file my_file_30.pdb (PDB, C-alpha atoms)
ATOM      1  CA  MET A   1      -0.566  27.888 -17.219
ATOM      2  CA  THR A   2       1.430  30.316 -15.069
ATOM      3  CA  THR A   3       5.112  30.896 -14.361
ATOM      4  CA  GLN A   4       4.479  29.152 -11.053
ATOM      5  CA  ASP A   5       3.174  26.040 -12.841
ATOM      6  CA  GLU A   6       6.356  25.998 -14.905
ATOM      7  CA  LYS A   7       8.424  26.375 -11.740
ATOM      8  CA  PHE A   8       6.736  23.361 -10.126
ATOM      9  CA  MET A   9       7.176  21.368 -13.331
ATOM     10  CA  SER A  10      10.862  22.281 -13.442
ATOM     11  CA  ARG A  11      11.211  20.704 -10.023
ATOM     12  CA  THR A  12       9.550  17.451 -11.209
ATOM     13  CA  ILE A  13      11.916  17.354 -14.178
ATOM     14  CA  GLU A  14      14.872  17.904 -11.829
ATOM     15  CA  LEU A  15      13.604  14.970  -9.716
ATOM     16  CA  SER A  16      13.234  12.802 -12.826
ATOM     17  CA  ARG A  17      16.828  13.532 -13.840
ATOM     18  CA  LYS A  18      18.257  13.019 -10.347
ATOM     19  CA  GLY A  19      16.389   9.722  -9.838
ATOM     20  CA  MET A  20      17.646   8.443 -13.185
ATOM     21  CA  GLU A  21      21.245   9.485 -12.512
ATOM     22  CA  GLU A  22      21.209   7.871  -9.067
ATOM     23  CA  ASN A  23      19.709   4.639 -10.486
ATOM     24  CA  ASP A  24      16.585   4.875  -8.325
ATOM     25  CA  GLY A  25      14.496   3.753 -11.305
ATOM     26  CA  GLY A  26      12.969   5.217 -14.476
ATOM     27  CA  PRO A  27      13.259   8.925 -15.445
ATOM     28  CA  PHE A  28      10.075  10.164 -13.784
ATOM     29  CA  GLY A  29       9.407  12.812 -11.133
ATOM     30  CA  ALA A  30       6.315  14.278  -9.462
ATOM     31  CA  VAL A  31       5.372  16.903  -6.890
ATOM     32  CA  ILE A  32       2.131  17.691  -5.075
ATOM     33  CA  VAL A  33       1.215  21.331  -4.458
ATOM     34  CA  ARG A  34      -1.256  22.830  -2.011
ATOM     35  CA  ASP A  35      -1.823  26.559  -1.495
ATOM     36  CA  GLY A  36       1.112  27.406  -3.754
ATOM     37  CA  GLN A  37       3.600  25.228  -1.836
ATOM     38  CA  ILE A  38       5.152  21.845  -2.670
ATOM     39  CA  ILE A  39       3.998  19.466   0.087
ATOM     40  CA  ALA A  40       5.438  16.209  -1.289
ATOM     41  CA  GLU A  41       7.920  15.060  -3.903
ATOM     42  CA  GLY A  42       8.569  11.705  -5.525
ATOM     43  CA  ASN A  43      10.583   9.966  -8.175
ATOM     44  CA  ASN A  44      10.393   6.493  -9.681
ATOM     45  CA  LYS A  45      11.986   3.839  -7.451
ATOM     46  CA  VAL A  46      10.711   0.626  -9.071
ATOM     47  CA  THR A  47      14.056  -1.073  -9.627
ATOM     48  CA  SER A  48      15.937   0.159  -6.536
ATOM     49  CA  ALA A  49      13.072  -0.604  -4.119
ATOM     50  CA  ASN A  50      11.927  -3.748  -5.987
ATOM     51  CA  ASP A  51       8.398  -2.354  -5.953
ATOM     52  CA  PRO A  52       6.534  -2.113  -9.288
ATOM     53  CA  THR A  53       4.069   0.361  -7.750
ATOM     54  CA  MET A  54       6.695   2.967  -6.841
ATOM     55  CA  HIS A  55       6.054   5.291  -9.748
ATOM     56  CA  ALA A  56       6.819   8.959  -9.049
ATOM     57  CA  GLU A  57       3.133   9.884  -8.695
ATOM     58  CA  VAL A  58       2.372   7.031  -6.268
ATOM     59  CA  VAL A  59       5.460   7.895  -4.203
ATOM     60  CA  ALA A  60       4.383  11.566  -4.002
ATOM     61  CA  ILE A  61       0.741  10.704  -3.200
ATOM     62  CA  ARG A  62       1.704   8.291  -0.424
ATOM     63  CA  LYS A  63       4.105  10.861   1.029
ATOM     64  CA  ALA A  64       1.554  13.690   0.979
ATOM     65  CA  CYS A  65      -1.087  11.449   2.592
ATOM     66  CA  LYS A  66       1.322  10.325   5.281
ATOM     67  CA  ASP A  67       2.411  13.879   6.093
ATOM     68  CA  LEU A  68      -1.147  15.259   6.091
ATOM     69  CA  ASP A  69      -2.559  12.175   7.867
ATOM     70  CA  THR A  70      -5.364  11.714   5.334
ATOM     71  CA  PHE A  71      -6.325   9.543   2.363
ATOM     72  CA  ASP A  72      -7.980  12.527   0.642
ATOM     73  CA  LEU A  73      -5.855  15.083  -1.236
ATOM     74  CA  SER A  74      -8.750  17.306  -2.350
ATOM     75  CA  GLY A  75      -7.438  20.826  -2.849
ATOM     76  CA  CYS A  76      -4.071  19.594  -4.122
ATOM     77  CA  THR A  77      -2.564  19.586  -7.630
ATOM     78  CA  LEU A  78      -0.142  17.024  -9.049
ATOM     79  CA  TYR A  79       2.732  17.973 -11.356
ATOM     80  CA  THR A  80       4.367  15.014 -13.098
ATOM     81  CA  SER A  81       7.165  14.878 -15.636
ATOM     82  CA  CYS A  82       5.171  12.362 -17.729
ATOM     83  CA  GLU A  83       1.496  11.685 -18.425
ATOM     84  CA  PRO A  84       0.381   9.293 -15.669
ATOM     85  CA  CYS A  85       0.019   5.586 -16.534
ATOM     86  CA  PRO A  86      -3.335   3.904 -15.726
ATOM     87  CA  MET A  87      -2.044   2.794 -12.319
ATOM     88  CA  CYS A  88      -1.060   6.339 -11.385
ATOM     89  CA  LEU A  89      -4.172   7.881 -12.932
ATOM     90  CA  GLY A  90      -6.244   5.478 -10.836
ATOM     91  CA  ALA A  91      -4.310   6.533  -7.726
ATOM     92  CA  ILE A  92      -4.919  10.195  -8.635
ATOM     93  CA  TYR A  93      -8.685   9.599  -8.760
ATOM     94  CA  TRP A  94      -8.697   7.622  -5.502
ATOM     95  CA  ALA A  95      -6.728  10.433  -3.809
ATOM     96  CA  HIS A  96      -9.219  13.018  -5.157
ATOM     97  CA  LEU A  97      -6.536  15.361  -6.472
ATOM     98  CA  ASP A  98      -7.983  18.519  -8.070
ATOM     99  CA  SER A  99      -5.936  18.595 -11.277
ATOM    100  CA  VAL A 100      -2.833  17.334 -13.055
ATOM    101  CA  TYR A 101      -0.065  19.010 -15.062
ATOM    102  CA  TYR A 102       2.166  16.708 -17.105
ATOM    103  CA  ALA A 103       5.095  17.189 -19.524
ATOM    104  CA  ASN A 104       6.073  14.126 -21.577
ATOM    105  CA  THR A 105       3.307  11.947 -23.054
ATOM    106  CA  LYS A 106       2.610   8.205 -22.811
ATOM    107  CA  GLU A 107       3.850   7.936 -26.412
ATOM    108  CA  ASP A 108       7.140   9.562 -25.365
ATOM    109  CA  ALA A 109       7.369   6.968 -22.554
ATOM    110  CA  ALA A 110       6.641   4.120 -24.976
ATOM    111  CA  TYR A 111       9.360   5.425 -27.330
ATOM    112  CA  ILE A 112      12.031   4.949 -24.636
ATOM    113  CA  GLY A 113      10.761   1.476 -23.690
ATOM    114  CA  PHE A 114       8.037   1.875 -21.049
ATOM    115  CA  ASP A 115       4.713   0.014 -21.173
ATOM    116  CA  ASP A 116       2.388   2.987 -20.495
ATOM    117  CA  ALA A 117       0.807   3.082 -23.970
ATOM    118  CA  PHE A 118       0.462  -0.737 -24.048
ATOM    119  CA  ILE A 119      -1.390  -0.750 -20.701
ATOM    120  CA  TYR A 120      -3.741   2.013 -21.914
ATOM    121  CA  GLU A 121      -4.468  -0.087 -25.019
ATOM    122  CA  GLU A 122      -5.131  -3.162 -22.887
ATOM    123  CA  LEU A 123      -7.600  -1.292 -20.674
ATOM    124  CA  ASP A 124      -9.455  -0.136 -23.782
ATOM    125  CA  LEU A 125     -10.113  -3.757 -24.772
ATOM    126  CA  ASP A 126     -12.872  -6.024 -23.495
ATOM    127  CA  MET A 127     -11.559  -8.319 -20.814
ATOM    128  CA  ASP A 128     -11.699 -11.325 -23.175
ATOM    129  CA  ASN A 129      -9.452  -9.614 -25.717
ATOM    130  CA  ARG A 130      -6.692  -8.546 -23.328
ATOM    131  CA  LYS A 131      -3.310 -10.283 -23.215
ATOM    132  CA  LEU A 132      -3.810 -10.767 -19.463
ATOM    133  CA  PRO A 133      -6.105 -13.756 -18.802
ATOM    134  CA  MET A 134      -8.860 -12.853 -16.314
ATOM    135  CA  GLN A 135     -11.589 -15.187 -15.039
ATOM    136  CA  GLN A 136     -14.488 -14.725 -12.663
ATOM    137  CA  ILE A 137     -15.155 -17.369  -9.994
ATOM    138  CA  SER A 138     -16.905 -17.596  -6.598
ATOM    139  CA  ARG A 139     -19.008 -14.420  -6.851
ATOM    140  CA  GLU A 140     -21.803 -16.049  -4.865
ATOM    141  CA  GLN A 141     -19.502 -16.321  -1.850
ATOM    142  CA  ALA A 142     -17.807 -12.921  -2.274
ATOM    143  CA  ILE A 143     -20.984 -10.889  -2.712
ATOM    144  CA  GLU A 144     -22.027 -11.794   0.858
ATOM    145  CA  VAL A 145     -19.161  -9.651   2.187
ATOM    146  CA  PHE A 146     -20.226  -6.727  -0.030
ATOM    147  CA  LYS A 147     -23.745  -7.023   1.398
ATOM    148  CA  LYS A 148     -22.290  -6.837   4.909
ATOM    149  CA  TRP A 149     -20.404  -3.680   3.893
ATOM    150  CA  GLY A 150     -23.654  -2.168   2.669
ATOM    151  CA  GLU A 151     -25.220  -2.803   6.083
ATOM    152  CA  LYS A 152     -22.135  -1.816   8.132
ATOM    153  CA  GLU A 153     -22.913   1.197  10.299
ATOM    154  CA  ASP A 154     -19.397   2.285  11.341
ATOM    155  CA  LYS A 155     -17.814   2.175   7.871
ATOM    156  CA  ILE A 156     -15.459   4.935   6.727
ATOM    157  CA  LYS A 157     -16.103   5.823   3.093
ATOM    158  CA  TYR A 158     -13.311   6.877   0.738
TER     159      TYR A 158
ATOM    160  CA  MET B   1     -11.256 -23.252 -12.802
ATOM    161  CA  THR B   2     -10.197 -25.925 -10.323
ATOM    162  CA  THR B   3     -11.038 -26.748  -6.718
ATOM    163  CA  GLN B   4      -7.661 -25.216  -5.867
ATOM    164  CA  ASP B   5      -8.641 -21.925  -7.546
ATOM    165  CA  GLU B   6     -11.788 -21.882  -5.416
ATOM    166  CA  LYS B   7      -9.724 -22.583  -2.312
ATOM    167  CA  PHE B   8      -7.424 -19.619  -3.021
ATOM    168  CA  MET B   9     -10.438 -17.430  -3.724
ATOM    169  CA  SER B  10     -12.035 -18.502  -0.443
ATOM    170  CA  ARG B  11      -8.952 -17.193   1.326
ATOM    171  CA  THR B  12      -9.223 -13.788  -0.428
ATOM    172  CA  ILE B  13     -12.881 -13.595   0.590
ATOM    173  CA  GLU B  14     -11.919 -14.439   4.175
ATOM    174  CA  LEU B  15      -9.329 -11.629   4.050
ATOM    175  CA  SER B  16     -11.928  -9.225   2.653
ATOM    176  CA  ARG B  17     -14.321 -10.040   5.500
ATOM    177  CA  LYS B  18     -11.647  -9.853   8.218
ATOM    178  CA  GLY B  19     -10.301  -6.515   6.942
ATOM    179  CA  MET B  20     -13.797  -5.087   6.885
ATOM    180  CA  GLU B  21     -14.658  -6.323  10.363
ATOM    181  CA  GLU B  22     -11.397  -4.962  11.803
ATOM    182  CA  ASN B  23     -11.949  -1.572  10.106
ATOM    183  CA  ASP B  24      -8.750  -1.812   8.058
ATOM    184  CA  GLY B  25     -10.612  -0.373   5.064
ATOM    185  CA  GLY B  26     -12.997  -1.536   2.329
ATOM    186  CA  PRO B  27     -14.160  -5.169   1.940
ATOM    187  CA  PHE B  28     -11.451  -6.373  -0.413
ATOM    188  CA  GLY B  29      -8.871  -9.165  -0.191
ATOM    189  CA  ALA B  30      -6.188 -10.607  -2.481
ATOM    190  CA  VAL B  31      -3.585 -13.361  -2.546
ATOM    191  CA  ILE B  32      -0.685 -14.117  -4.876
ATOM    192  CA  VAL B  33       0.067 -17.740  -5.730
ATOM    193  CA  ARG B  34       3.203 -19.307  -7.170
ATOM    194  CA  ASP B  35       3.726 -23.037  -7.746
ATOM    195  CA  GLY B  36       0.453 -23.845  -5.995
ATOM    196  CA  GLN B  37       1.347 -21.924  -2.809
ATOM    197  CA  ILE B  38       0.134 -18.587  -1.469
ATOM    198  CA  ILE B  39       3.222 -16.367  -1.272
ATOM    199  CA  ALA B  40       1.550 -13.081  -0.263
ATOM    200  CA  GLU B  41      -1.762 -11.856   1.099
ATOM    201  CA  GLY B  42      -3.342  -8.432   1.303
ATOM    202  CA  ASN B  43      -6.490  -6.607   2.249
ATOM    203  CA  ASN B  44      -7.632  -3.044   1.744
ATOM    204  CA  LYS B  45      -6.073  -0.609   4.261
ATOM    205  CA  VAL B  46      -6.913   2.760   2.676
ATOM    206  CA  THR B  47      -8.657   4.330   5.660
ATOM    207  CA  SER B  48      -6.629   2.787   8.495
ATOM    208  CA  ALA B  49      -3.250   3.505   6.867
ATOM    209  CA  ASN B  50      -4.348   6.823   5.326
ATOM    210  CA  ASP B  51      -2.996   5.597   1.996
ATOM    211  CA  PRO B  52      -5.327   5.687  -1.035
ATOM    212  CA  THR B  53      -3.055   3.237  -2.867
ATOM    213  CA  MET B  54      -3.396   0.450  -0.290
ATOM    214  CA  HIS B  55      -5.928  -1.623  -2.186
ATOM    215  CA  ALA B  56      -5.766  -5.369  -1.476
ATOM    216  CA  GLU B  57      -4.049  -6.132  -4.796
ATOM    217  CA  VAL B  58      -1.371  -3.445  -4.346
ATOM    218  CA  VAL B  59      -0.734  -4.592  -0.762
ATOM    219  CA  ALA B  60      -0.292  -8.207  -1.935
ATOM    220  CA  ILE B  61       1.918  -7.234  -4.906
ATOM    221  CA  ARG B  62       4.188  -5.066  -2.760
ATOM    222  CA  LYS B  63       4.483  -7.841  -0.169
ATOM    223  CA  ALA B  64       5.286 -10.539  -2.740
ATOM    224  CA  CYS B  65       7.910  -8.314  -4.386
ATOM    225  CA  LYS B  66       9.492  -7.486  -1.041
ATOM    226  CA  ASP B  67       9.646 -11.143   0.018
ATOM    227  CA  LEU B  68      10.966 -12.354  -3.349
ATOM    228  CA  ASP B  69      13.286  -9.334  -3.737
ATOM    229  CA  THR B  70      12.096  -8.572  -7.256
ATOM    230  CA  PHE B  71       9.868  -6.141  -9.145
ATOM    231  CA  ASP B  72       8.777  -8.914 -11.555
ATOM    232  CA  LEU B  73       6.103 -11.427 -10.531
ATOM    233  CA  SER B  74       6.115 -13.418 -13.777
ATOM    234  CA  GLY B  75       4.955 -16.965 -13.025
ATOM    235  CA  CYS B  76       2.528 -15.795 -10.329
ATOM    236  CA  THR B  77      -1.278 -15.596 -10.317
ATOM    237  CA  LEU B  78      -3.414 -13.058  -8.456
ATOM    238  CA  TYR B  79      -6.700 -13.971  -6.791
ATOM    239  CA  THR B  80      -8.796 -10.983  -5.748
ATOM    240  CA  SER B  81     -12.230 -10.797  -4.164
ATOM    241  CA  CYS B  82     -13.246  -8.043  -6.621
ATOM    242  CA  GLU B  83     -12.409  -7.143 -10.220
ATOM    243  CA  PRO B  84      -9.318  -4.907 -10.002
ATOM    244  CA  CYS B  85      -9.798  -1.136 -10.398
ATOM    245  CA  PRO B  86      -7.650   0.634 -13.038
ATOM    246  CA  MET B  87      -4.967   1.434 -10.438
ATOM    247  CA  CYS B  88      -4.669  -2.208  -9.438
ATOM    248  CA  LEU B  89      -4.949  -3.484 -13.002
ATOM    249  CA  GLY B  90      -2.089  -1.139 -13.926
ATOM    250  CA  ALA B  91      -0.047  -2.503 -11.014
ATOM    251  CA  ILE B  92      -0.820  -6.070 -12.188
ATOM    252  CA  TYR B  93       0.576  -5.277 -15.666
ATOM    253  CA  TRP B  94       3.667  -3.544 -14.260
ATOM    254  CA  ALA B  95       4.304  -6.563 -11.993
ATOM    255  CA  HIS B  96       3.930  -8.930 -14.998
ATOM    256  CA  LEU B  97       1.543 -11.281 -13.216
ATOM    257  CA  ASP B  98       0.497 -14.253 -15.392
ATOM    258  CA  SER B  99      -3.250 -14.198 -14.761
ATOM    259  CA  VAL B 100      -6.047 -12.960 -12.519
ATOM    260  CA  TYR B 101      -9.058 -14.602 -10.873
ATOM    261  CA  TYR B 102     -11.699 -12.252  -9.441
ATOM    262  CA  ALA B 103     -15.093 -12.723  -7.751
ATOM    263  CA  ASN B 104     -17.223  -9.558  -7.429
ATOM    264  CA  THR B 105     -17.383  -7.144 -10.381
ATOM    265  CA  LYS B 106     -16.702  -3.417 -10.662
ATOM    266  CA  GLU B 107     -20.482  -2.935 -10.905
ATOM    267  CA  ASP B 108     -20.897  -4.791  -7.588
ATOM    268  CA  ALA B 109     -18.290  -2.423  -6.100
ATOM    269  CA  ALA B 110     -20.085   0.631  -7.509
ATOM    270  CA  TYR B 111     -23.366  -0.630  -6.020
ATOM    271  CA  ILE B 112     -21.918  -0.479  -2.487
ATOM    272  CA  GLY B 113     -20.386   2.968  -3.005
ATOM    273  CA  PHE B 114     -16.917   2.509  -4.532
ATOM    274  CA  ASP B 115     -15.637   4.533  -7.507
ATOM    275  CA  ASP B 116     -14.236   1.641  -9.583
ATOM    276  CA  ALA B 117     -16.797   1.860 -12.402
ATOM    277  CA  PHE B 118     -16.544   5.688 -12.465
ATOM    278  CA  ILE B 119     -12.758   5.544 -12.860
ATOM    279  CA  TYR B 120     -13.071   2.998 -15.698
ATOM    280  CA  GLU B 121     -15.535   5.349 -17.416
ATOM    281  CA  GLU B 122     -13.175   8.299 -16.970
ATOM    282  CA  LEU B 123     -10.254   6.393 -18.512
ATOM    283  CA  ASP B 124     -12.426   5.555 -21.521
ATOM    284  CA  LEU B 125     -12.899   9.269 -22.247
ATOM    285  CA  ASP B 126     -10.543  11.566 -24.110
ATOM    286  CA  MET B 127      -8.488  13.593 -21.694
ATOM    287  CA  ASP B 128     -10.478  16.760 -22.526
ATOM    288  CA  ASN B 129     -13.782  15.122 -21.578
ATOM    289  CA  ARG B 130     -12.721  13.762 -18.187
ATOM    290  CA  LYS B 131     -13.855  15.311 -14.902
ATOM    291  CA  LEU B 132     -10.191  15.552 -13.871
ATOM    292  CA  PRO B 133      -8.539  18.584 -15.503
ATOM    293  CA  MET B 134      -5.220  17.656 -17.123
ATOM    294  CA  GLN B 135      -2.868  20.017 -18.947
ATOM    295  CA  GLN B 136       0.438  19.522 -20.731
ATOM    296  CA  ILE B 137       3.277  21.998 -20.110
ATOM    297  CA  SER B 138       7.083  22.065 -20.390
ATOM    298  CA  ARG B 139       7.522  19.012 -22.640
ATOM    299  CA  GLU B 140      10.539  20.631 -24.321
ATOM    300  CA  GLN B 141      12.402  20.575 -21.002
ATOM    301  CA  ALA B 142      11.190  17.128 -19.856
ATOM    302  CA  ILE B 143      11.957  15.291 -23.095
ATOM    303  CA  GLU B 144      15.671  15.976 -22.591
ATOM    304  CA  VAL B 145      15.674  13.604 -19.601
ATOM    305  CA  PHE B 146      13.923  10.913 -21.643
ATOM    306  CA  LYS B 147      16.632  11.281 -24.320
ATOM    307  CA  LYS B 148      19.270  10.775 -21.624
ATOM    308  CA  TRP B 149      17.433   7.584 -20.512
ATOM    309  CA  GLY B 150      17.522   6.332 -24.088
ATOM    310  CA  GLU B 151      21.300   6.812 -24.133
ATOM    311  CA  LYS B 152      21.929   5.526 -20.584
ATOM    312  CA  GLU B 153      24.079   2.397 -20.665
ATOM    313  CA  ASP B 154      23.591   1.080 -17.107
ATOM    314  CA  LYS B 155      19.792   1.369 -17.006
ATOM    315  CA  ILE B 156      17.690  -1.404 -15.476
ATOM    316  CA  LYS B 157      14.543  -2.001 -17.560
ATOM    317  CA  TYR B 158      11.252  -3.017 -15.988
TER     318      TYR B 158
END

call {"tool": "encode", "arguments": {"input": "my_file_30.pdb", "output": "structure tokens"}}
result
Amino acid sequence: MTTQDEKFMSRTIELSRKGMEENDGGPFGAVIVRDGQIIAEGNNKVTSANDPTMHAEVVAIRKACKDLDTFDLSGCTLYTSCEPCPMCLGAIYWAHLDSVYYANTKEDAAYIGFDDAFIYEELDLDMDNRKLPMQQISREQAIEVFKKWGEKEDKIKY
Amino acid sequence: MTTQDEKFMSRTIELSRKGMEENDGGPFGAVIVRDGQIIAEGNNKVTSANDPTMHAEVVAIRKACKDLDTFDLSGCTLYTSCEPCPMCLGAIYWAHLDSVYYANTKEDAAYIGFDDAFIYEELDLDMDNRKLPMQQISREQAIEVFKKWGEKEDKIKY
């Protein structure tokens, strides 16, 4: 940890406070840094945008990708005011971010009423034991498209 | 499983094939159903939109929420041509979908080159054992904003 890391984290905390005060959504902020510069910022906008995926990290990732014209944020670091939920952690892996700094924990988020810890617990369970009913059907039909992908010559991997 | 479930799944598989053929992104489709009607459709657009979060499920969830003007899809069911990755499964919980039908598995996705199974494995590990470096800093400063959220009287919960 460096003074610079703390500076970037201060900015995410400022974003979390501002977003909360302006009723954008929950008290969460995030920034993405490349080469020592903030290249994208985000704060939670779930309730104002009516979009359950607009967590601070997702907002910042989408912004950075749009600005850099890429789906690959290798070489970038994410600073987030709270430990990412499974949705955001998944997005972080898909975006190939190098590393993550976080401040509050998922337990802190649960304490003020957010489902982060519950969703982590659900993902730890076998599918049959989760609260969310999930059922597999029609694999025989769907797998044909996967086979076509395997054979596709002009595919772009991500 | 009913004939209607298979019909909805056929549509997601059609979307997965069409998206692949038109080079929108990976071979994945999804639909959201309410009261026996498809209310939103999506297919993977990661590489064409340069957005690593544009998985079929996220695209369909965002569309349904936009059309219904809500961040809560209680009462709706998701059909997806492949078992949701952790990002999408997180989004499904945050959107409060009732249930999920899927066709291909995360192992099928891994077999044709997608990271779904790897990300599930990473989430199963303690933070210190993951490939993605994560570090906590500045909690003392960030927790103050969470306390303010706890006290906030006009907050909208989600």

call {"tool": "closest_residue", "arguments": {"input": "my_file_30.pdb", "among": "B:Ala142, B:Ile92, B:Leu73, B:Val33", "to": "chain A", "atoms": "only C-alpha atoms"}}
result
B:Ala142

call {"tool": "closest_atom_pairs", "arguments": {"input": "my_file_30.pdb", "of": "chain B", "to": "chain A", "cutoff": "7 Å", "atoms": "all atoms listed in the file", "output": "JSON lines"}}
result
{"residue": "B:Glu6", "atom": "CA", "partner": "A:Ser138", "partner_atom": "CA", "distance": 6.8}
{"residue": "B:Ile13", "atom": "CA", "partner": "A:Ala142", "partner_atom": "CA", "distance": 5.7}
{"residue": "B:Arg17", "atom": "CA", "partner": "A:Val145", "partner_atom": "CA", "distance": 5.9}
{"residue": "B:Pro27", "atom": "CA", "partner": "A:Phe146", "partner_atom": "CA", "distance": 6.6}
{"residue": "B:Val46", "atom": "CA", "partner": "A:Phe71", "partner_atom": "CA", "distance": 6.8}
{"residue": "B:Thr47", "atom": "CA", "partner": "A:Phe71", "partner_atom": "CA", "distance": 6.6}
{"residue": "B:Asn50", "atom": "CA", "partner": "A:Phe71", "partner_atom": "CA", "distance": 4.5}
{"residue": "B:Asp51", "atom": "CA", "partner": "A:Phe71", "partner_atom": "CA", "distance": 5.2}
{"residue": "B:Pro52", "atom": "CA", "partner": "A:Phe71", "partner_atom": "CA", "distance": 5.2}
{"residue": "B:Thr53", "atom": "CA", "partner": "A:Ala91", "partner_atom": "CA", "distance": 6.0}
{"residue": "B:Arg62", "atom": "CA", "partner": "A:Asp51", "partner_atom": "CA", "distance": 5.9}
{"residue": "B:Cys65", "atom": "CA", "partner": "A:Asp51", "partner_atom": "CA", "distance": 6.2}
{"residue": "B:Lys66", "atom": "CA", "partner": "A:Asn50", "partner_atom": "CA", "distance": 6.7}
{"residue": "B:Asp69", "atom": "CA", "partner": "A:Asn50", "partner_atom": "CA", "distance": 6.2}
{"residue": "B:Thr70", "atom": "CA", "partner": "A:Asn50", "partner_atom": "CA", "distance": 5.0}
{"residue": "B:Phe71", "atom": "CA", "partner": "A:Asn50", "partner_atom": "CA", "distance": 4.5}
{"residue": "B:Ser81", "atom": "CA", "partner": "A:Ala142", "partner_atom": "CA", "distance": 6.3}
{"residue": "B:Pro86", "atom": "CA", "partner": "A:Gly90", "partner_atom": "CA", "distance": 5.5}
{"residue": "B:Met87", "atom": "CA", "partner": "A:Met87", "partner_atom": "CA", "distance": 3.7}
{"residue": "B:Cys88", "atom": "CA", "partner": "A:Met87", "partner_atom": "CA", "distance": 6.3}
{"residue": "B:Leu89", "atom": "CA", "partner": "A:Met87", "partner_atom": "CA", "distance": 7.0}
{"residue": "B:Gly90", "atom": "CA", "partner": "A:Met87", "partner_atom": "CA", "distance": 4.2}
{"residue": "B:Ala91", "atom": "CA", "partner": "A:Met87", "partner_atom": "CA", "distance": 5.8}
{"residue": "B:Trp94", "atom": "CA", "partner": "A:Pro52", "partner_atom": "CA", "distance": 5.9}
{"residue": "B:Ala95", "atom": "CA", "partner": "A:Pro52", "partner_atom": "CA", "distance": 5.7}
{"residue": "B:Asp98", "atom": "CA", "partner": "A:Leu132", "partner_atom": "CA", "distance": 6.9}
{"residue": "B:Ser99", "atom": "CA", "partner": "A:Pro133", "partner_atom": "CA", "distance": 5.0}
{"residue": "B:Val100", "atom": "CA", "partner": "A:Met134", "partner_atom": "CA", "distance": 4.7}
{"residue": "B:Tyr101", "atom": "CA", "partner": "A:Gln135", "partner_atom": "CA", "distance": 4.9}
{"residue": "B:Tyr102", "atom": "CA", "partner": "A:Gln136", "partner_atom": "CA", "distance": 4.9}
{"residue": "B:Ala103", "atom": "CA", "partner": "A:Arg139", "partner_atom": "CA", "distance": 4.4}
{"residue": "B:Asn104", "atom": "CA", "partner": "A:Arg139", "partner_atom": "CA", "distance": 5.2}
{"residue": "B:Ile112", "atom": "CA", "partner": "A:Gly150", "partner_atom": "CA", "distance": 5.7}
{"residue": "B:Ile119", "atom": "CA", "partner": "A:Gly90", "partner_atom": "CA", "distance": 6.8}
{"residue": "B:Asp124", "atom": "CA", "partner": "A:Asp124", "partner_atom": "CA", "distance": 6.8}
{"residue": "B:Leu132", "atom": "CA", "partner": "A:Ser99", "partner_atom": "CA", "distance": 5.8}
{"residue": "B:Pro133", "atom": "CA", "partner": "A:Ser99", "partner_atom": "CA", "distance": 5.0}
{"residue": "B:Met134", "atom": "CA", "partner": "A:Val100", "partner_atom": "CA", "distance": 4.7}
{"residue": "B:Gln135", "atom": "CA", "partner": "A:Tyr101", "partner_atom": "CA", "distance": 4.9}
{"residue": "B:Gln136", "atom": "CA", "partner": "A:Tyr102", "partner_atom": "CA", "distance": 4.9}
{"residue": "B:Ile137", "atom": "CA", "partner": "A:Ala103", "partner_atom": "CA", "distance": 5.2}
{"residue": "B:Ser138", "atom": "CA", "partner": "A:Ala103", "partner_atom": "CA", "distance": 5.3}
{"residue": "B:Arg139", "atom": "CA", "partner": "A:Ala103", "partner_atom": "CA", "distance": 4.4}
{"residue": "B:Ala142", "atom": "CA", "partner": "A:Ile13", "partner_atom": "CA", "distance": 5.7}
{"residue": "B:Ile143", "atom": "CA", "partner": "A:Asn104", "partner_atom": "CA", "distance": 6.2}
{"residue": "B:Val145", "atom": "CA", "partner": "A:Arg17", "partner_atom": "CA", "distance": 5.9}
{"residue": "B:Phe146", "atom": "CA", "partner": "A:Pro27", "partner_atom": "CA", "distance": 6.5}
{"residue": "B:Trp149", "atom": "CA", "partner": "A:Pro27", "partner_atom": "CA", "distance": 6.7}
{"residue": "B:Gly150", "atom": "CA", "partner": "A:Ile112", "partner_atom": "CA", "distance": 5.7}
{"residue": "B:Ile156", "atom": "CA", "partner": "A:Thr47", "partner_atom": "CA", "distance": 6.9}

call {"tool": "closest_residue", "arguments": {"input": "my_file_30.pdb", "among": "A:Met127, A:Ile32, A:Cys76, A:Ala60", "to": "Asn44 in chain A", "atoms": "all atoms listed in the file"}}
result
A:Ala60

call {"tool": "atom_distance", "arguments": {"input": "my_file_30.pdb", "atom1": "CA of Gly19 in chain B", "atom2": "CA of Thr3 in chain B"}}
result
24.4 Å

call {"tool": "atom_distance", "arguments": {"input": "my_file_30.pdb", "atom1": "CA of Asp35 in chain A", "atom2": "CA of Lys106 in chain A"}}
result
28.5 Å

call {"tool": "atom_distance", "arguments": {"input": "my_file_30.pdb", "atom1": "CA of Gly42 in chain A", "atom2": "CA of Ala30 in chain A"}}
result
5.2 Å

call {"tool": "axis_aligned_box", "arguments": {"input": "my_file_30.pdb", "around": "range 51-61 of chain A", "padding_each_side": "4 Å", "output": "JSON"}}
result
{"center_x": 4.6, "center_y": 4.6, "center_z": -6.5, "size_x": 15.7, "size_y": 21.9, "size_z": 14.5}
